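Quick look at input16.txt (compact mmCIF, C-alpha atoms and all ligand atoms):
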# COMPACT_ATOMS: atom_id res chain seq x y z
CA MET A 500 2.84 33.50 31.27
CA MET A 501 0.76 32.28 28.39
CA ARG A 502 -0.03 28.60 28.55
CA LYS A 503 0.97 26.75 25.40
CA LYS A 504 -1.98 25.25 23.58
CA ASP A 505 -2.12 21.45 23.70
CA PRO A 506 -2.02 20.34 20.06
CA LEU A 507 -3.74 17.05 20.95
CA LYS A 508 -6.66 18.63 22.81
CA GLN A 509 -9.15 18.12 19.98
CA TYR A 510 -7.90 14.60 19.37
CA HIS A 511 -8.51 13.66 23.01
CA GLN A 512 -11.83 15.49 23.31
CA ARG A 513 -13.36 13.69 20.36
CA ARG A 514 -12.60 10.18 21.64
CA ASP A 515 -13.63 7.78 24.37
CA PHE A 516 -10.59 5.60 24.90
CA THR A 517 -12.55 3.09 26.98
CA VAL A 518 -14.42 2.22 23.77
CA SER A 519 -12.10 3.12 20.89
CA PRO A 520 -8.95 1.03 20.30
CA GLU A 521 -7.12 4.14 19.04
CA PRO A 522 -3.95 5.10 20.96
CA LYS A 523 -4.20 7.79 23.59
CA GLY A 524 -0.66 8.88 22.85
CA HIS A 525 1.85 10.63 25.04
CA LYS A 526 2.68 14.27 25.53
CA PRO A 527 4.22 15.52 22.32
CA LYS A 528 7.98 15.56 22.43
CA LYS A 529 9.43 18.65 20.84
CA ALA A 530 12.70 17.01 19.83
CA VAL A 531 13.16 17.14 16.10
CA ARG A 532 14.23 13.73 14.93
CA LYS A 533 16.62 13.51 12.06
CA LYS A 534 14.23 11.29 10.22
CA PRO A 535 10.69 12.20 11.11
CA ILE A 536 7.98 9.82 10.01
CA PHE A 537 5.05 10.06 7.66
CA VAL A 538 2.10 7.74 7.34
CA ILE A 539 -0.89 7.39 5.06
CA GLN A 540 -3.85 5.64 6.63
CA LYS A 541 -6.65 4.30 4.51
CA HIS A 542 -9.80 5.07 6.43
CA ALA A 543 -13.02 3.34 5.46
CA ALA A 544 -15.33 5.69 7.34
CA THR A 545 -18.71 7.05 6.21
CA ARG A 546 -16.71 8.03 3.15
CA LEU A 547 -13.49 6.25 2.22
CA HIS A 548 -10.48 8.57 2.36
CA TYR A 549 -6.74 8.57 3.01
CA ASP A 550 -5.24 10.39 6.00
CA PHE A 551 -1.82 11.83 5.23
CA ARG A 552 0.18 12.56 8.38
CA ILE A 553 3.67 13.96 8.92
CA GLU A 554 5.59 14.22 12.16
CA VAL A 555 6.13 17.86 13.12
CA GLU A 556 7.37 18.84 16.59
CA GLY A 557 6.14 15.71 18.33
CA VAL A 558 2.72 15.32 16.75
CA LEU A 559 1.33 14.08 13.45
CA LYS A 560 0.06 16.99 11.36
CA SER A 561 -2.83 15.56 9.36
CA TRP A 562 -4.82 16.01 6.18
CA ALA A 563 -7.64 13.92 4.76
CA LEU A 564 -7.34 13.11 1.04
CA PRO A 565 -10.73 12.05 -0.35
CA LYS A 566 -9.13 10.47 -3.43
CA GLY A 567 -5.80 9.47 -1.94
CA PRO A 568 -2.37 10.35 -3.30
CA SER A 569 -1.24 10.26 -6.91
CA THR A 570 2.21 9.67 -8.39
CA ASN A 571 1.29 11.79 -11.42
CA PRO A 572 2.50 15.42 -11.17
CA ARG A 573 -0.51 16.54 -13.20
CA ASP A 574 -2.93 15.46 -10.48
CA LYS A 575 -3.84 17.91 -7.76
CA ARG A 576 -5.42 15.95 -4.95
CA LEU A 577 -7.62 17.76 -2.45
CA ALA A 578 -6.28 17.62 1.12
CA ILE A 579 -8.46 18.81 4.00
CA PRO A 580 -6.62 19.62 7.24
CA THR A 581 -7.72 17.57 10.27
CA ASP A 582 -6.73 17.35 13.95
CA ASP A 583 -3.15 16.74 15.03
CA HIS A 584 -2.73 13.10 16.06
CA PRO A 585 -0.27 11.54 18.53
CA ILE A 586 2.86 9.94 17.04
CA GLU A 587 1.67 6.51 18.22
CA TYR A 588 -1.26 6.79 15.83
CA ALA A 589 1.06 6.05 12.90
CA GLN A 590 1.04 2.34 13.81
CA PHE A 591 -2.69 2.14 14.40
CA GLU A 592 -4.77 -0.32 12.46
CA GLY A 593 -8.19 -1.35 13.64
CA VAL A 594 -11.85 -0.59 13.92
CA ILE A 595 -13.28 2.58 15.45
CA PRO A 596 -16.68 1.58 16.83
CA GLU A 597 -19.99 2.74 15.43
CA GLY A 598 -21.25 6.00 16.87
CA HIS A 599 -17.74 7.28 17.61
CA TYR A 600 -15.65 9.92 15.92
CA GLY A 601 -14.17 8.52 12.69
CA ALA A 602 -16.18 5.28 13.00
CA GLY A 603 -14.88 2.76 10.51
CA THR A 604 -11.77 0.79 9.67
CA VAL A 605 -8.23 2.18 9.63
CA MET A 606 -5.33 0.64 7.68
CA VAL A 607 -1.68 1.69 7.50
CA TRP A 608 -1.55 2.08 3.74
CA ASP A 609 2.01 3.46 3.62
CA ILE A 610 4.58 4.41 6.22
CA GLY A 611 8.14 5.68 6.17
CA THR A 612 10.34 8.64 6.86
CA TYR A 613 10.48 12.03 5.20
CA HIS A 614 12.63 15.08 5.06
CA ASN A 615 11.76 18.68 4.60
CA ILE A 616 13.12 19.98 1.29
CA LYS A 617 11.53 23.43 1.24
CA LYS A 618 14.30 25.99 0.78
CA ARG A 619 14.41 29.76 0.81
CA ASN A 620 17.64 31.57 -0.06
CA GLY A 621 19.42 28.25 0.07
CA ASN A 622 18.22 27.38 3.58
CA ILE A 623 15.65 24.82 4.67
CA VAL A 624 12.48 26.52 5.93
CA PRO A 625 11.36 25.05 9.28
CA MET A 626 8.24 22.86 8.93
CA LYS A 627 6.21 25.04 11.31
CA GLN A 628 6.90 27.99 9.03
CA CYS A 629 6.08 25.96 5.90
CA ILE A 630 2.68 25.12 7.39
CA LYS A 631 2.07 28.77 8.23
CA ASP A 632 3.14 29.82 4.73
CA GLY A 633 0.96 27.16 3.13
CA THR A 634 3.83 25.67 1.15
CA ILE A 635 5.15 22.30 2.24
CA GLU A 636 7.69 20.34 0.24
CA VAL A 637 8.73 16.95 1.53
CA PHE A 638 10.73 14.02 0.24
CA LEU A 639 8.87 10.86 1.22
CA GLU A 640 10.60 7.54 1.72
CA GLY A 641 7.75 5.07 1.91
CA GLU A 642 7.07 1.74 0.30
CA LYS A 643 4.38 2.97 -2.06
CA LEU A 644 5.18 6.66 -2.18
CA PHE A 645 8.73 7.77 -2.82
CA GLY A 646 10.11 11.12 -3.90
CA ALA A 647 9.14 14.75 -3.58
CA TYR A 648 5.59 15.82 -2.80
CA ALA A 649 4.12 19.26 -2.20
CA LEU A 650 1.18 20.42 -0.13
CA ILE A 651 -0.08 23.80 -1.20
CA LEU A 652 -2.65 25.90 0.63
CA THR A 653 -5.48 27.25 -1.47
CA GLY A 654 -8.81 28.78 -0.53
CA LYS A 655 -9.50 31.36 2.10
CA SER A 656 -9.15 31.12 5.86
CA GLY A 657 -12.06 29.46 7.56
CA ASP A 658 -12.33 27.15 4.59
CA GLU A 659 -8.80 25.81 4.44
CA ARG A 660 -8.08 23.62 1.45
CA TRP A 661 -4.76 22.21 0.46
CA LEU A 662 -3.60 20.39 -2.65
CA PHE A 663 -1.38 17.33 -2.49
CA ILE A 664 0.80 17.13 -5.58
CA LYS A 665 3.62 14.89 -6.75
CA MET A 666 6.58 17.11 -7.60
CA ARG A 667 8.46 16.46 -10.82
CA ASP A 668 11.41 14.17 -10.18
CA LYS A 669 12.60 10.79 -11.38
CA TYR A 670 10.11 9.05 -9.07
CA ALA A 671 7.08 10.69 -10.67
CA ASP A 672 5.09 8.18 -12.70
CA ALA A 673 1.85 9.00 -14.50
CA ARG A 674 1.11 5.33 -15.16
CA ARG A 675 1.29 4.10 -11.59
CA ASN A 676 -1.84 4.24 -9.53
CA PRO A 677 -0.88 2.83 -6.12
CA VAL A 678 -4.28 3.61 -4.57
CA SER A 679 -5.86 0.95 -6.78
CA SER A 680 -2.89 -1.32 -7.58
CA GLN A 681 -1.50 -1.54 -4.01
CA PRO A 682 -4.59 -1.50 -1.80
CA LYS A 683 -3.28 -3.53 1.17
CA SER A 684 -1.65 -2.65 4.48
CA VAL A 685 2.13 -2.18 4.40
CA LEU A 686 2.28 -3.29 8.03
CA THR A 687 0.23 -6.47 7.96
CA GLY A 688 -0.62 -7.16 4.32
CA ARG A 689 -4.32 -7.13 5.22
CA THR A 690 -7.21 -5.72 3.25
CA ILE A 691 -9.74 -3.34 4.82
CA LYS A 692 -12.19 -6.26 5.04
CA GLN A 693 -9.68 -8.42 6.93
CA ILE A 694 -8.87 -5.63 9.39
CA GLU A 695 -12.58 -5.03 9.87
CA ARG A 696 -13.28 -8.69 10.62
CA ALA A 697 -10.38 -8.93 13.08
CA GLY A 698 -11.51 -5.71 14.77
CA VAL A 699 -15.03 -6.95 15.25
CA GLU A 700 -13.65 -10.17 16.84
CA VAL A 701 -11.57 -8.10 19.25
CA SER A 702 -14.51 -5.97 20.39
CA LYS A 703 -16.70 -9.09 20.84
CA LYS A 704 -14.05 -10.59 23.10
CA GLY A 705 -13.82 -7.36 25.03
CA LYS A 706 -17.51 -7.48 25.83
CA GLN A 707 -17.47 -11.02 27.22
MN MN A 801 -9.79 9.83 8.67
Let me see the file written as structure tokens.
Ligand code: MN
Amino acid sequence: MMRKKDPLKQYHQRRDFTVSPEPKGHKPKKAVRKKPIFVIQKHAATRLHYDFRIEVEGVLKSWALPKGPSTNPRDKRLAIPTDDHPIEYAQFEGVIPEGHYGAGTVMVWDIGTYHNIKKRNGNIVPMKQCIKDGTIEVFLEGEKLFGAYALILTGKSGDERWLFIKMRDKYADARRNPVSSQPKSVLTGRTIKQIERAGVEVSKKGKQ
């Protein structure tokens, strides 16, 4: 029998959990929740970016958005696929130590639930299939992002590039720019600087 690939293998291989405060996570649970979650984490790493993650079959499918999301349907924001993350990661805020994968500060910039709205012949297309097809359509229910968003695969295999686009609905707003006007954590109200300072305190204590 073929052994099923562990979707979190890369995630675990890249990290030393005795040093990084990031969650190890549990075995992915396959159960499809009625209201799966999404999260956008602001990640002040070597280069600031926003990690968009959606719960699919027990893990967080992830993309890195160099410029973050836009609420303007005319904007096509680059989204680079990254490793699947454990569900527990959605609540993670803290500092990944220097010299480790993703070193820098992580903030929960937006969090909420979503539902899959991609239909074919009147039926919802399963998320796994949407990812394979390169056409994801989700309705996000976050604090900063609300409404329908699409992720569209462009570029050739080996150099996978997606575009993150606000779909046209009554929640689209070309004048809003939440990346700059709502920069703080939705979980703790903290800025990147405040999370960074608290994180450094924690690791100092750990060393004593
Ligand atoms: Mn990241």
Closest of A:Asp550, A:Gly646, A:Thr653, A:Pro682 to A:Tyr670, counting all atoms listed in the file, is A:Gly646
**Asked** Of the candidates A:Phe645, A:Cys629, A:Val624, A:Lys692, which one gets nearest to A:Lys669 if we count all atoms listed in the file?
**Response**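 That would be A:Phe645, the residue with the smallest distance to A:Lys669.
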**OP:** Have a look at A:Gln512, A:Asn571, A:Thr612, A:Thr545 and name the one nearest to ligand MN 801 (chain A); count only C-alpha atoms and all ligand atoms.
**Re:**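 Nearest to ligand MN 801 (chain A): A:Thr545.
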field: Among the residues A:Asp574, A:Glu640, A:Glu554, A:Asp515, the one that comes closest to A:Tyr588 [using all atoms listed in the file]
entry: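 Closest to A:Tyr588 of all the choices is A:Glu554.
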As a check of understanding: the span from atom CA of A:Gly567 to atom CA of A:Phe516 is 27.5 Å
